[in-house]
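Structure below is model_23.tsv: TSV, N, CA and C atoms.
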chain	number	residue	atom	x	y	z
A	1	MET	N	0.83	-1.17	0.00
A	1	MET	CA	0.00	0.00	0.00
A	1	MET	C	0.88	1.24	0.00
A	2	SER	N	0.37	2.28	-0.57
A	2	SER	CA	1.09	3.54	-0.54
A	2	SER	C	1.04	4.08	0.89
A	3	GLU	N	2.14	4.71	1.29
A	3	GLU	CA	2.18	5.26	2.63
A	3	GLU	C	1.95	6.76	2.58
A	4	GLY	N	1.23	7.29	3.53
A	4	GLY	CA	0.96	8.71	3.58
A	4	GLY	C	-0.04	9.13	2.52
A	5	ARG	N	-0.29	10.41	2.46
A	5	ARG	CA	-1.24	10.95	1.49
A	5	ARG	C	-0.47	11.78	0.48
A	6	VAL	N	-0.06	11.14	-0.58
A	6	VAL	CA	0.67	11.80	-1.65
A	6	VAL	C	-0.30	12.10	-2.77
A	7	PRO	N	-0.37	13.36	-3.25
A	7	PRO	CA	-1.29	13.67	-4.35
A	7	PRO	C	-1.03	12.75	-5.54
A	8	GLY	N	-2.11	12.27	-6.14
A	8	GLY	CA	-2.00	11.39	-7.29
A	8	GLY	C	-1.69	9.95	-6.95
A	9	GLN	N	-1.76	9.58	-5.68
A	9	GLN	CA	-1.50	8.21	-5.27
A	9	GLN	C	-2.79	7.59	-4.74
A	10	ILE	N	-2.86	6.28	-4.82
A	10	ILE	CA	-3.98	5.55	-4.24
A	10	ILE	C	-3.92	5.74	-2.71
A	11	HIS	N	-5.01	6.13	-2.07
A	11	HIS	CA	-5.01	6.42	-0.65
A	11	HIS	C	-5.59	5.27	0.15
A	12	ASP	N	-4.93	4.96	1.24
A	12	ASP	CA	-5.38	3.89	2.13
A	12	ASP	C	-5.57	2.58	1.38
A	13	GLY	N	-4.85	2.42	0.26
A	13	GLY	CA	-4.89	1.17	-0.48
A	13	GLY	C	-6.16	0.94	-1.27
A	14	PHE	N	-7.01	1.97	-1.49
A	14	PHE	CA	-8.27	1.75	-2.18
A	14	PHE	C	-8.71	2.99	-2.94
A	15	LEU	N	-9.17	2.80	-4.17
A	15	LEU	CA	-9.78	3.86	-4.99
A	15	LEU	C	-11.12	3.32	-5.47
A	16	PRO	N	-12.25	3.86	-5.02
A	16	PRO	CA	-13.56	3.35	-5.42
A	16	PRO	C	-13.82	3.52	-6.91
A	17	GLY	N	-14.66	2.64	-7.45
A	17	GLY	CA	-15.10	2.73	-8.84
A	17	GLY	C	-14.28	1.88	-9.79
A	18	ARG	N	-14.81	1.75	-10.99
A	18	ARG	CA	-14.11	0.98	-12.03
A	18	ARG	C	-13.21	1.91	-12.82
A	19	HIS	N	-11.98	1.49	-13.01
A	19	HIS	CA	-10.99	2.30	-13.70
A	19	HIS	C	-10.19	1.43	-14.65
A	20	GLY	N	-9.96	1.94	-15.85
A	20	GLY	CA	-9.07	1.27	-16.78
A	20	GLY	C	-7.63	1.58	-16.42
A	21	ILE	N	-6.73	0.76	-16.93
A	21	ILE	CA	-5.30	0.95	-16.73
A	21	ILE	C	-4.79	1.87	-17.83
A	22	ASP	N	-4.23	3.01	-17.44
A	22	ASP	CA	-3.69	3.96	-18.41
A	22	ASP	C	-2.25	3.63	-18.77
A	23	ALA	N	-1.49	3.09	-17.82
A	23	ALA	CA	-0.10	2.73	-18.06
A	23	ALA	C	0.34	1.72	-17.00
A	24	TYR	N	1.37	0.95	-17.34
A	24	TYR	CA	1.94	0.00	-16.38
A	24	TYR	C	3.43	-0.11	-16.67
A	25	GLY	N	4.16	-0.56	-15.68
A	25	GLY	CA	5.61	-0.69	-15.79
A	25	GLY	C	6.28	0.13	-14.71
A	26	ASN	N	7.61	0.08	-14.67
A	26	ASN	CA	8.38	0.80	-13.65
A	26	ASN	C	7.89	0.49	-12.24
A	27	GLY	N	7.40	-0.73	-12.05
A	27	GLY	CA	6.99	-1.17	-10.72
A	27	GLY	C	5.62	-0.71	-10.26
A	28	GLY	N	4.78	-0.23	-11.20
A	28	GLY	CA	3.47	0.22	-10.78
A	28	GLY	C	2.50	0.43	-11.92
A	29	PHE	N	1.42	1.17	-11.64
A	29	PHE	CA	0.32	1.37	-12.57
A	29	PHE	C	-0.20	2.80	-12.49
A	30	ARG	N	-0.78	3.28	-13.60
A	30	ARG	CA	-1.51	4.54	-13.63
A	30	ARG	C	-2.95	4.22	-14.01
A	31	PHE	N	-3.89	4.82	-13.27
A	31	PHE	CA	-5.32	4.60	-13.49
A	31	PHE	C	-6.08	5.70	-12.78
A	32	GLY	N	-7.25	6.05	-13.28
A	32	GLY	CA	-8.10	7.03	-12.61
A	32	GLY	C	-7.39	8.32	-12.23
A	33	GLN	N	-6.51	8.82	-13.09
A	33	GLN	CA	-5.72	10.02	-12.85
A	33	GLN	C	-4.87	9.91	-11.59
A	34	MET	N	-4.50	8.67	-11.25
A	34	MET	CA	-3.67	8.42	-10.08
A	34	MET	C	-2.60	7.41	-10.46
A	35	SER	N	-1.68	7.19	-9.55
A	35	SER	CA	-0.67	6.17	-9.77
A	35	SER	C	-0.48	5.38	-8.48
A	36	HIS	N	0.05	4.18	-8.66
A	36	HIS	CA	0.33	3.33	-7.51
A	36	HIS	C	1.57	2.51	-7.80
A	37	ARG	N	2.49	2.49	-6.89
A	37	ARG	CA	3.68	1.66	-7.02
A	37	ARG	C	3.39	0.34	-6.31
A	38	GLY	N	3.48	-0.75	-7.04
A	38	GLY	CA	3.19	-2.07	-6.49
A	38	GLY	C	2.05	-2.72	-7.25
A	39	SER	N	1.67	-3.88	-6.82
A	39	SER	CA	0.63	-4.68	-7.48
A	39	SER	C	-0.76	-4.19	-7.08
A	40	ILE	N	-1.76	-4.50	-7.92
A	40	ILE	CA	-3.13	-4.02	-7.67
A	40	ILE	C	-4.16	-5.10	-7.99
A	41	LEU	N	-5.32	-4.93	-7.36
A	41	LEU	CA	-6.53	-5.69	-7.69
A	41	LEU	C	-7.53	-4.71	-8.27
A	42	LEU	N	-8.12	-5.06	-9.41
A	42	LEU	CA	-9.19	-4.26	-10.02
A	42	LEU	C	-10.47	-5.05	-9.83
A	43	LEU	N	-11.31	-4.57	-8.92
A	43	LEU	CA	-12.53	-5.27	-8.53
A	43	LEU	C	-13.76	-4.44	-8.89
A	44	PRO	N	-14.96	-5.03	-8.85
A	44	PRO	CA	-16.16	-4.23	-9.11
A	44	PRO	C	-16.29	-3.03	-8.17
A	45	SER	N	-15.81	-3.15	-6.93
A	45	SER	CA	-15.93	-2.07	-5.95
A	45	SER	C	-14.87	-0.98	-6.13
A	46	GLY	N	-13.75	-1.31	-6.77
A	46	GLY	CA	-12.68	-0.33	-6.95
A	46	GLY	C	-11.33	-0.99	-7.10
A	47	VAL	N	-10.30	-0.16	-7.05
A	47	VAL	CA	-8.92	-0.62	-7.20
A	47	VAL	C	-8.28	-0.68	-5.82
A	48	ARG	N	-7.65	-1.81	-5.53
A	48	ARG	CA	-7.01	-2.01	-4.23
A	48	ARG	C	-5.53	-2.32	-4.42
A	49	ALA	N	-4.73	-1.84	-3.49
A	49	ALA	CA	-3.34	-2.27	-3.42
A	49	ALA	C	-3.34	-3.77	-3.13
A	50	TRP	N	-2.41	-4.49	-3.73
A	50	TRP	CA	-2.35	-5.95	-3.56
A	50	TRP	C	-0.94	-6.30	-3.11
A	51	ASP	N	-0.82	-6.89	-1.95
A	51	ASP	CA	0.48	-7.18	-1.35
A	51	ASP	C	1.06	-8.48	-1.92
A	52	VAL	N	1.19	-8.55	-3.24
A	52	VAL	CA	1.77	-9.70	-3.92
A	52	VAL	C	2.81	-9.15	-4.90
A	53	SER	N	4.03	-9.64	-4.80
A	53	SER	CA	5.08	-9.15	-5.69
A	53	SER	C	5.63	-10.23	-6.60
A	54	GLU	N	5.22	-11.48	-6.38
A	54	GLU	CA	5.64	-12.57	-7.25
A	54	GLU	C	4.57	-13.66	-7.24
A	55	PRO	N	4.46	-14.41	-8.36
A	55	PRO	CA	3.37	-15.37	-8.50
A	55	PRO	C	3.27	-16.41	-7.38
A	56	GLY	N	4.39	-16.80	-6.81
A	56	GLY	CA	4.37	-17.78	-5.74
A	56	GLY	C	3.64	-17.31	-4.49
A	57	ALA	N	3.42	-16.01	-4.36
A	57	ALA	CA	2.73	-15.45	-3.20
A	57	ALA	C	1.21	-15.42	-3.39
A	58	ILE	N	0.72	-15.83	-4.56
A	58	ILE	CA	-0.73	-15.87	-4.78
A	58	ILE	C	-1.27	-17.09	-4.06
A	59	ASP	N	-2.14	-16.85	-3.08
A	59	ASP	CA	-2.73	-17.93	-2.31
A	59	ASP	C	-4.16	-17.56	-1.94
A	60	GLY	N	-4.79	-18.39	-1.14
A	60	GLY	CA	-6.18	-18.15	-0.75
A	60	GLY	C	-6.37	-16.81	-0.07
A	61	ALA	N	-5.43	-16.42	0.79
A	61	ALA	CA	-5.55	-15.14	1.50
A	61	ALA	C	-5.45	-13.97	0.53
A	62	SER	N	-4.54	-14.05	-0.44
A	62	SER	CA	-4.38	-12.92	-1.37
A	62	SER	C	-5.56	-12.82	-2.33
A	63	LEU	N	-6.28	-13.92	-2.52
A	63	LEU	CA	-7.45	-13.92	-3.40
A	63	LEU	C	-8.76	-13.65	-2.64
A	64	ALA	N	-8.69	-13.51	-1.32
A	64	ALA	CA	-9.90	-13.29	-0.51
A	64	ALA	C	-10.73	-12.09	-0.97
A	65	PRO	N	-10.13	-10.94	-1.30
A	65	PRO	CA	-10.96	-9.81	-1.77
A	65	PRO	C	-11.73	-10.14	-3.06
A	66	ILE	N	-11.15	-10.96	-3.90
A	66	ILE	CA	-11.82	-11.37	-5.14
A	66	ILE	C	-13.00	-12.27	-4.82
A	67	LEU	N	-12.78	-13.24	-3.96
A	67	LEU	CA	-13.86	-14.16	-3.58
A	67	LEU	C	-14.97	-13.43	-2.84
A	68	ALA	N	-14.64	-12.37	-2.11
A	68	ALA	CA	-15.65	-11.59	-1.39
A	68	ALA	C	-16.59	-10.87	-2.35
A	69	GLU	N	-16.14	-10.62	-3.58
A	69	GLU	CA	-16.96	-9.93	-4.58
A	69	GLU	C	-17.34	-10.86	-5.73
A	70	ALA	N	-17.35	-12.16	-5.47
A	70	ALA	CA	-17.58	-13.16	-6.51
A	70	ALA	C	-18.88	-12.96	-7.29
A	71	GLU	N	-19.92	-12.47	-6.66
A	71	GLU	CA	-21.20	-12.28	-7.36
A	71	GLU	C	-21.09	-11.29	-8.51
A	72	GLY	N	-20.16	-10.36	-8.44
A	72	GLY	CA	-19.99	-9.37	-9.48
A	72	GLY	C	-18.88	-9.67	-10.46
A	73	ILE	N	-18.30	-10.89	-10.37
A	73	ILE	CA	-17.16	-11.24	-11.21
A	73	ILE	C	-17.44	-12.55	-11.96
A	74	GLU	N	-17.37	-12.50	-13.28
A	74	GLU	CA	-17.48	-13.71	-14.09
A	74	GLU	C	-16.12	-14.21	-14.53
A	75	LEU	N	-15.15	-13.28	-14.68
A	75	LEU	CA	-13.83	-13.64	-15.17
A	75	LEU	C	-12.77	-12.87	-14.40
A	76	LEU	N	-11.76	-13.59	-13.94
A	76	LEU	CA	-10.61	-13.00	-13.27
A	76	LEU	C	-9.40	-13.15	-14.17
A	77	LEU	N	-8.76	-12.03	-14.46
A	77	LEU	CA	-7.50	-12.04	-15.21
A	77	LEU	C	-6.38	-11.87	-14.19
A	78	ILE	N	-5.42	-12.77	-14.23
A	78	ILE	CA	-4.28	-12.64	-13.33
A	78	ILE	C	-3.05	-12.37	-14.18
A	79	GLY	N	-2.43	-11.23	-13.92
A	79	GLY	CA	-1.18	-10.86	-14.57
A	79	GLY	C	-0.04	-11.26	-13.65
A	80	THR	N	0.76	-12.24	-14.09
A	80	THR	CA	1.79	-12.82	-13.23
A	80	THR	C	3.18	-12.21	-13.44
A	81	GLY	N	3.23	-10.99	-13.95
A	81	GLY	CA	4.52	-10.35	-14.16
A	81	GLY	C	4.98	-10.49	-15.59
A	82	ALA	N	6.28	-10.60	-15.78
A	82	ALA	CA	6.86	-10.68	-17.13
A	82	ALA	C	6.67	-12.06	-17.75
A	83	ASP	N	6.48	-13.07	-16.92
A	83	ASP	CA	6.31	-14.44	-17.40
A	83	ASP	C	4.95	-14.98	-16.98
A	84	ILE	N	4.44	-15.92	-17.75
A	84	ILE	CA	3.17	-16.57	-17.40
A	84	ILE	C	3.46	-17.68	-16.40
A	85	VAL	N	2.77	-17.64	-15.28
A	85	VAL	CA	2.88	-18.66	-14.24
A	85	VAL	C	1.47	-19.09	-13.89
A	86	PHE	N	1.19	-20.37	-14.01
A	86	PHE	CA	-0.16	-20.86	-13.75
A	86	PHE	C	-0.37	-21.13	-12.26
A	87	LEU	N	-1.59	-20.89	-11.82
A	87	LEU	CA	-1.94	-21.11	-10.42
A	87	LEU	C	-2.08	-22.59	-10.11
A	88	PRO	N	-1.84	-22.97	-8.86
A	88	PRO	CA	-2.06	-24.36	-8.46
A	88	PRO	C	-3.54	-24.75	-8.64
A	89	ASP	N	-3.77	-26.02	-8.90
A	89	ASP	CA	-5.13	-26.52	-9.12
A	89	ASP	C	-6.07	-26.19	-7.96
A	90	SER	N	-5.57	-26.21	-6.73
A	90	SER	CA	-6.43	-25.93	-5.58
A	90	SER	C	-7.01	-24.52	-5.66
A	91	LEU	N	-6.21	-23.55	-6.09
A	91	LEU	CA	-6.72	-22.18	-6.21
A	91	LEU	C	-7.66	-22.05	-7.41
A	92	ARG	N	-7.33	-22.73	-8.49
A	92	ARG	CA	-8.19	-22.71	-9.67
A	92	ARG	C	-9.57	-23.28	-9.32
A	93	GLN	N	-9.58	-24.38	-8.58
A	93	GLN	CA	-10.83	-25.01	-8.18
A	93	GLN	C	-11.63	-24.12	-7.23
A	94	ARG	N	-10.94	-23.41	-6.36
A	94	ARG	CA	-11.61	-22.51	-5.42
A	94	ARG	C	-12.34	-21.39	-6.18
A	95	LEU	N	-11.68	-20.82	-7.19
A	95	LEU	CA	-12.32	-19.79	-8.00
A	95	LEU	C	-13.48	-20.36	-8.80
A	96	LYS	N	-13.29	-21.54	-9.36
A	96	LYS	CA	-14.34	-22.18	-10.15
A	96	LYS	C	-15.57	-22.43	-9.28
A	97	ALA	N	-15.36	-22.89	-8.04
A	97	ALA	CA	-16.47	-23.16	-7.13
A	97	ALA	C	-17.24	-21.88	-6.80
A	98	ALA	N	-16.55	-20.74	-6.87
A	98	ALA	CA	-17.19	-19.44	-6.62
A	98	ALA	C	-17.84	-18.88	-7.88
A	99	GLY	N	-17.74	-19.61	-8.99
A	99	GLY	CA	-18.35	-19.17	-10.24
A	99	GLY	C	-17.51	-18.18	-11.03
A	100	ILE	N	-16.21	-18.14	-10.74
A	100	ILE	CA	-15.31	-17.20	-11.39
A	100	ILE	C	-14.41	-17.95	-12.39
A	101	GLY	N	-14.48	-17.54	-13.65
A	101	GLY	CA	-13.55	-18.06	-14.66
A	101	GLY	C	-12.19	-17.44	-14.44
A	102	LEU	N	-11.14	-18.08	-14.96
A	102	LEU	CA	-9.78	-17.63	-14.71
A	102	LEU	C	-8.97	-17.65	-15.99
A	103	ASP	N	-8.20	-16.61	-16.21
A	103	ASP	CA	-7.25	-16.56	-17.31
A	103	ASP	C	-5.96	-15.96	-16.76
A	104	THR	N	-4.87	-16.67	-16.88
A	104	THR	CA	-3.58	-16.23	-16.38
A	104	THR	C	-2.69	-15.87	-17.56
A	105	MET	N	-2.02	-14.71	-17.46
A	105	MET	CA	-1.17	-14.23	-18.56
A	105	MET	C	-0.15	-13.25	-18.02
A	106	GLN	N	0.71	-12.73	-18.88
A	106	GLN	CA	1.66	-11.69	-18.48
A	106	GLN	C	0.87	-10.46	-18.04
A	107	THR	N	1.45	-9.67	-17.16
A	107	THR	CA	0.75	-8.50	-16.63
A	107	THR	C	0.32	-7.53	-17.72
A	108	GLY	N	1.16	-7.24	-18.68
A	108	GLY	CA	0.80	-6.32	-19.76
A	108	GLY	C	-0.41	-6.79	-20.53
A	109	ALA	N	-0.42	-8.07	-20.89
A	109	ALA	CA	-1.56	-8.64	-21.61
A	109	ALA	C	-2.82	-8.61	-20.76
A	110	ALA	N	-2.68	-8.88	-19.47
A	110	ALA	CA	-3.84	-8.86	-18.57
A	110	ALA	C	-4.41	-7.45	-18.45
A	111	ALA	N	-3.55	-6.44	-18.36
A	111	ALA	CA	-4.02	-5.05	-18.27
A	111	ALA	C	-4.76	-4.65	-19.53
A	112	ARG	N	-4.21	-4.98	-20.70
A	112	ARG	CA	-4.86	-4.64	-21.97
A	112	ARG	C	-6.20	-5.37	-22.11
A	113	THR	N	-6.23	-6.64	-21.76
A	113	THR	CA	-7.46	-7.43	-21.85
A	113	THR	C	-8.51	-6.90	-20.88
A	114	TYR	N	-8.08	-6.54	-19.67
A	114	TYR	CA	-9.00	-5.96	-18.69
A	114	TYR	C	-9.66	-4.71	-19.26
A	115	ASN	N	-8.87	-3.83	-19.84
A	115	ASN	CA	-9.41	-2.58	-20.40
A	115	ASN	C	-10.47	-2.86	-21.46
A	116	ILE	N	-10.22	-3.81	-22.33
A	116	ILE	CA	-11.18	-4.14	-23.38
A	116	ILE	C	-12.47	-4.69	-22.79
A	117	LEU	N	-12.36	-5.66	-21.88
A	117	LEU	CA	-13.55	-6.28	-21.29
A	117	LEU	C	-14.32	-5.30	-20.41
A	118	MET	N	-13.61	-4.44	-19.69
A	118	MET	CA	-14.29	-3.45	-18.87
A	118	MET	C	-15.06	-2.48	-19.76
A	119	ALA	N	-14.46	-2.08	-20.89
A	119	ALA	CA	-15.14	-1.17	-21.82
A	119	ALA	C	-16.40	-1.81	-22.41
A	120	GLU	N	-16.42	-3.14	-22.48
A	120	GLU	CA	-17.60	-3.87	-22.95
A	120	GLU	C	-18.60	-4.12	-21.82
A	121	ASN	N	-18.32	-3.55	-20.63
A	121	ASN	CA	-19.17	-3.68	-19.45
A	121	ASN	C	-19.31	-5.14	-18.98
A	122	ARG	N	-18.25	-5.91	-19.17
A	122	ARG	CA	-18.24	-7.30	-18.70
A	122	ARG	C	-17.94	-7.34	-17.21
A	123	LYS	N	-18.32	-8.41	-16.57
A	123	LYS	CA	-18.07	-8.60	-15.14
A	123	LYS	C	-16.67	-9.19	-14.97
A	124	VAL	N	-15.68	-8.34	-15.13
A	124	VAL	CA	-14.29	-8.76	-15.11
A	124	VAL	C	-13.57	-8.12	-13.93
A	125	ALA	N	-12.60	-8.85	-13.41
A	125	ALA	CA	-11.71	-8.36	-12.36
A	125	ALA	C	-10.29	-8.73	-12.78
A	126	ALA	N	-9.32	-8.06	-12.19
A	126	ALA	CA	-7.94	-8.38	-12.51
A	126	ALA	C	-7.08	-8.29	-11.26
A	127	ALA	N	-6.11	-9.17	-11.19
A	127	ALA	CA	-5.09	-9.17	-10.15
A	127	ALA	C	-3.76	-9.04	-10.89
A	128	LEU	N	-3.11	-7.89	-10.76
A	128	LEU	CA	-1.95	-7.58	-11.57
A	128	LEU	C	-0.70	-7.38	-10.72
A	129	ILE	N	0.30	-8.23	-10.98
A	129	ILE	CA	1.58	-8.09	-10.32
A	129	ILE	C	2.39	-7.04	-11.08
A	130	ALA	N	2.91	-6.06	-10.36
A	130	ALA	CA	3.68	-4.97	-10.98
A	130	ALA	C	4.94	-5.52	-11.63
A	131	VAL	N	5.29	-4.92	-12.77
A	131	VAL	CA	6.52	-5.28	-13.48
A	131	VAL	C	7.41	-4.04	-13.59
A	132	THR	N	8.70	-4.27	-13.67
A	132	THR	CA	9.64	-3.14	-13.79
A	132	THR	C	9.93	-2.83	-15.25
Full structure transcribed into structure tokens:
Amino acid sequence: MSEGRVPGQIHDGFLPGRHGIDAYGNGGFRFGQMSHRGSILLLPSGVRAWDVSEPGAIDGASLAPILAEAEGIELLLIGTGADIVFLPDSLRQRLKAAGIGLDTMQTGAAARTYNILMAENRKVAAALIAVT
């Protein structure tokens, strides 16, 4: 999460509303006329800081905010950084049981795909690991 109240930064780890990704790289993202250094979750309720910096850290606890909003999500895009890393079957099954489809890809591809699906008003969410 961003620390302090810096103009143009995500505050308290949350920005309400749906926002497309304007830019990514250099360890962070630009969206909603703001920026955030680190990984993010794009959920129906808003954009949240995500305390995951590498794919191996994706687990049930890190996916809890997604599962909490499962009714509003049909598809979850996970951007695993510069390389594609697939989630363990146990996590895939947990999302499937919640009615959430899953697509894992590089962070850049996930951000671009999220923007397209969000513009089509699809019930999409994204979990994006920041890349440098």
Task: Top pick for closest residue to A:Ile84, considering A:Leu128, A:Leu15, A:Ile40, A:Ile66 and counting only C-alpha atoms - done: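 The shortest atom-to-atom distance to A:Ile84 comes from A:Leu128.
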- [ ] Extract, using all atoms listed in the file, all DNA, RNA and protein residues at most 8 Å from A:Leu77, discarding same-chain residues fewer than 3 positions from it, and format them as a PyMOL selection string.
- [x] chain A and resi 74+80+101-105+110-111+113-114+124-128
Using all atoms listed in the file, I'd like a table of the residues in stretch 58-131 of chain A that come within 5 Å of stretch 28-39 of chain A; for each, show the closest atom pair and its distance in Å rounded to one decimal, ordered by chain and ascending number, as JSON lines.
{"residue": "A:Leu128", "atom": "C", "partner": "A:Ser39", "partner_atom": "CA", "distance": 4.4}
{"residue": "A:Ile129", "atom": "CA", "partner": "A:Ser39", "partner_atom": "CA", "distance": 4.5}
{"residue": "A:Ala130", "atom": "N", "partner": "A:Ser39", "partner_atom": "CA", "distance": 3.9}
{"residue": "A:Val131", "atom": "N", "partner": "A:Gly28", "partner_atom": "N", "distance": 5.0}
Open item on the list: Write out as a count of residues only the set of residues from chain A that DSSP, computed on the backbone, places in helix (DSSP H, G or I).
Closed with: 33
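Taking atom N of A:Asn26 and atom N of A:Ala70 as endpoints, the distance between them is 29.3 Å.
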Open item on the list: Using only N, CA and C atoms, can you tell me which of A:Leu117, A:Ala49, A:Leu67, A:Leu41 comes closest to A:Arg94?
Closed with: A:Leu67
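For the residues A:Ser53, A:Ala68, A:Leu75, A:Gly25, ranking by smallest atom-to-atom distance to A:Met118 using only C-alpha atoms places A:Leu75 first.
Nearest to A:Gly72 of all the residues A:Val52, A:Ala57, A:Ala97, A:Leu43 is A:Leu43, based on only C-alpha atoms.
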Task: Counting only N, CA and C atoms, the option among A:Ile78, A:Ile21, A:Ala119, A:Leu91 closest to A:Thr107 - done: A:Ile78
Open item on the list: Given only N, CA and C atoms as the basis, pick out the residue of A:Leu95, A:Asp22, A:Gly81, A:Glu69 nearest to A:Glu54.
Closed with: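 Checking each of A:Leu95, A:Asp22, A:Gly81, A:Glu69 against A:Glu54, counting only N, CA and C atoms, the winner is A:Gly81.
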Task: Length of the atom C of A:Ile58 to atom C of A:Lys123 vector [Å] - done: 20.5 Å
- [ ] Please indicate the distance in Å from atom C of A:Ile100 to atom C of A:Leu76, rounded to one decimal place.
- [x]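 One can read the atom C of A:Ile100 to atom C of A:Leu76 distance as 7.2 Å.
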TODO: List every protein, DNA or RNA residue that has an atom no more than 8 Å from (-13.5, -2.4, -3.4) in the file's coordinate frame, counting only N, CA and C atoms, and report them as an MDAnalysis selection string.
DONE: chainID A and resid 14:17 42:48 65
Given the selection you just returned, output its residues as a file containing N, CA and C atoms, formatted as a CSV table (one decimal), in the frame of the given file.
chain,number,residue,atom,x,y,z
A,14,PHE,N,-7.0,2.0,-1.5
A,14,PHE,CA,-8.3,1.8,-2.2
A,14,PHE,C,-8.7,3.0,-2.9
A,15,LEU,N,-9.2,2.8,-4.2
A,15,LEU,CA,-9.8,3.9,-5.0
A,15,LEU,C,-11.1,3.3,-5.5
A,16,PRO,N,-12.2,3.9,-5.0
A,16,PRO,CA,-13.6,3.4,-5.4
A,16,PRO,C,-13.8,3.5,-6.9
A,17,GLY,N,-14.7,2.6,-7.4
A,17,GLY,CA,-15.1,2.7,-8.8
A,17,GLY,C,-14.3,1.9,-9.8
A,42,LEU,N,-8.1,-5.1,-9.4
A,42,LEU,CA,-9.2,-4.3,-10.0
A,42,LEU,C,-10.5,-5.0,-9.8
A,43,LEU,N,-11.3,-4.6,-8.9
A,43,LEU,CA,-12.5,-5.3,-8.5
A,43,LEU,C,-13.8,-4.4,-8.9
A,44,PRO,N,-15.0,-5.0,-8.8
A,44,PRO,CA,-16.2,-4.2,-9.1
A,44,PRO,C,-16.3,-3.0,-8.2
A,45,SER,N,-15.8,-3.2,-6.9
A,45,SER,CA,-15.9,-2.1,-6.0
A,45,SER,C,-14.9,-1.0,-6.1
A,46,GLY,N,-13.8,-1.3,-6.8
A,46,GLY,CA,-12.7,-0.3,-7.0
A,46,GLY,C,-11.3,-1.0,-7.1
A,47,VAL,N,-10.3,-0.2,-7.0
A,47,VAL,CA,-8.9,-0.6,-7.2
A,47,VAL,C,-8.3,-0.7,-5.8
A,48,ARG,N,-7.6,-1.8,-5.5
A,48,ARG,CA,-7.0,-2.0,-4.2
A,48,ARG,C,-5.5,-2.3,-4.4
A,65,PRO,N,-10.1,-10.9,-1.3
A,65,PRO,CA,-11.0,-9.8,-1.8
A,65,PRO,C,-11.7,-10.1,-3.1
Open item on the list: DSSP on the backbone: which residues in chain A end up as strand (DSSP E or B)? Give the answer as JSON, numbers by chain.
Closed with: {"A": [9, 14, 15, 16, 21, 22, 23, 24, 25, 28, 29, 30, 31, 34, 35, 36, 37, 39, 40, 41, 42, 43, 46, 47, 48, 49, 50, 75, 76, 77, 78, 79, 101, 102, 103, 104, 105, 124, 125, 126, 127, 128]}
Build an axis-aligned box that encloses every atom of stretch 73-91 of chain A listed in the file, pad it by 8 Å on each side, and report its centre and edge lengths in Å to one decimal, as JSON.
{"center_x": -5.7, "center_y": -18.4, "center_z": -11.7, "size_x": 41.2, "size_y": 32.2, "size_z": 28.2}
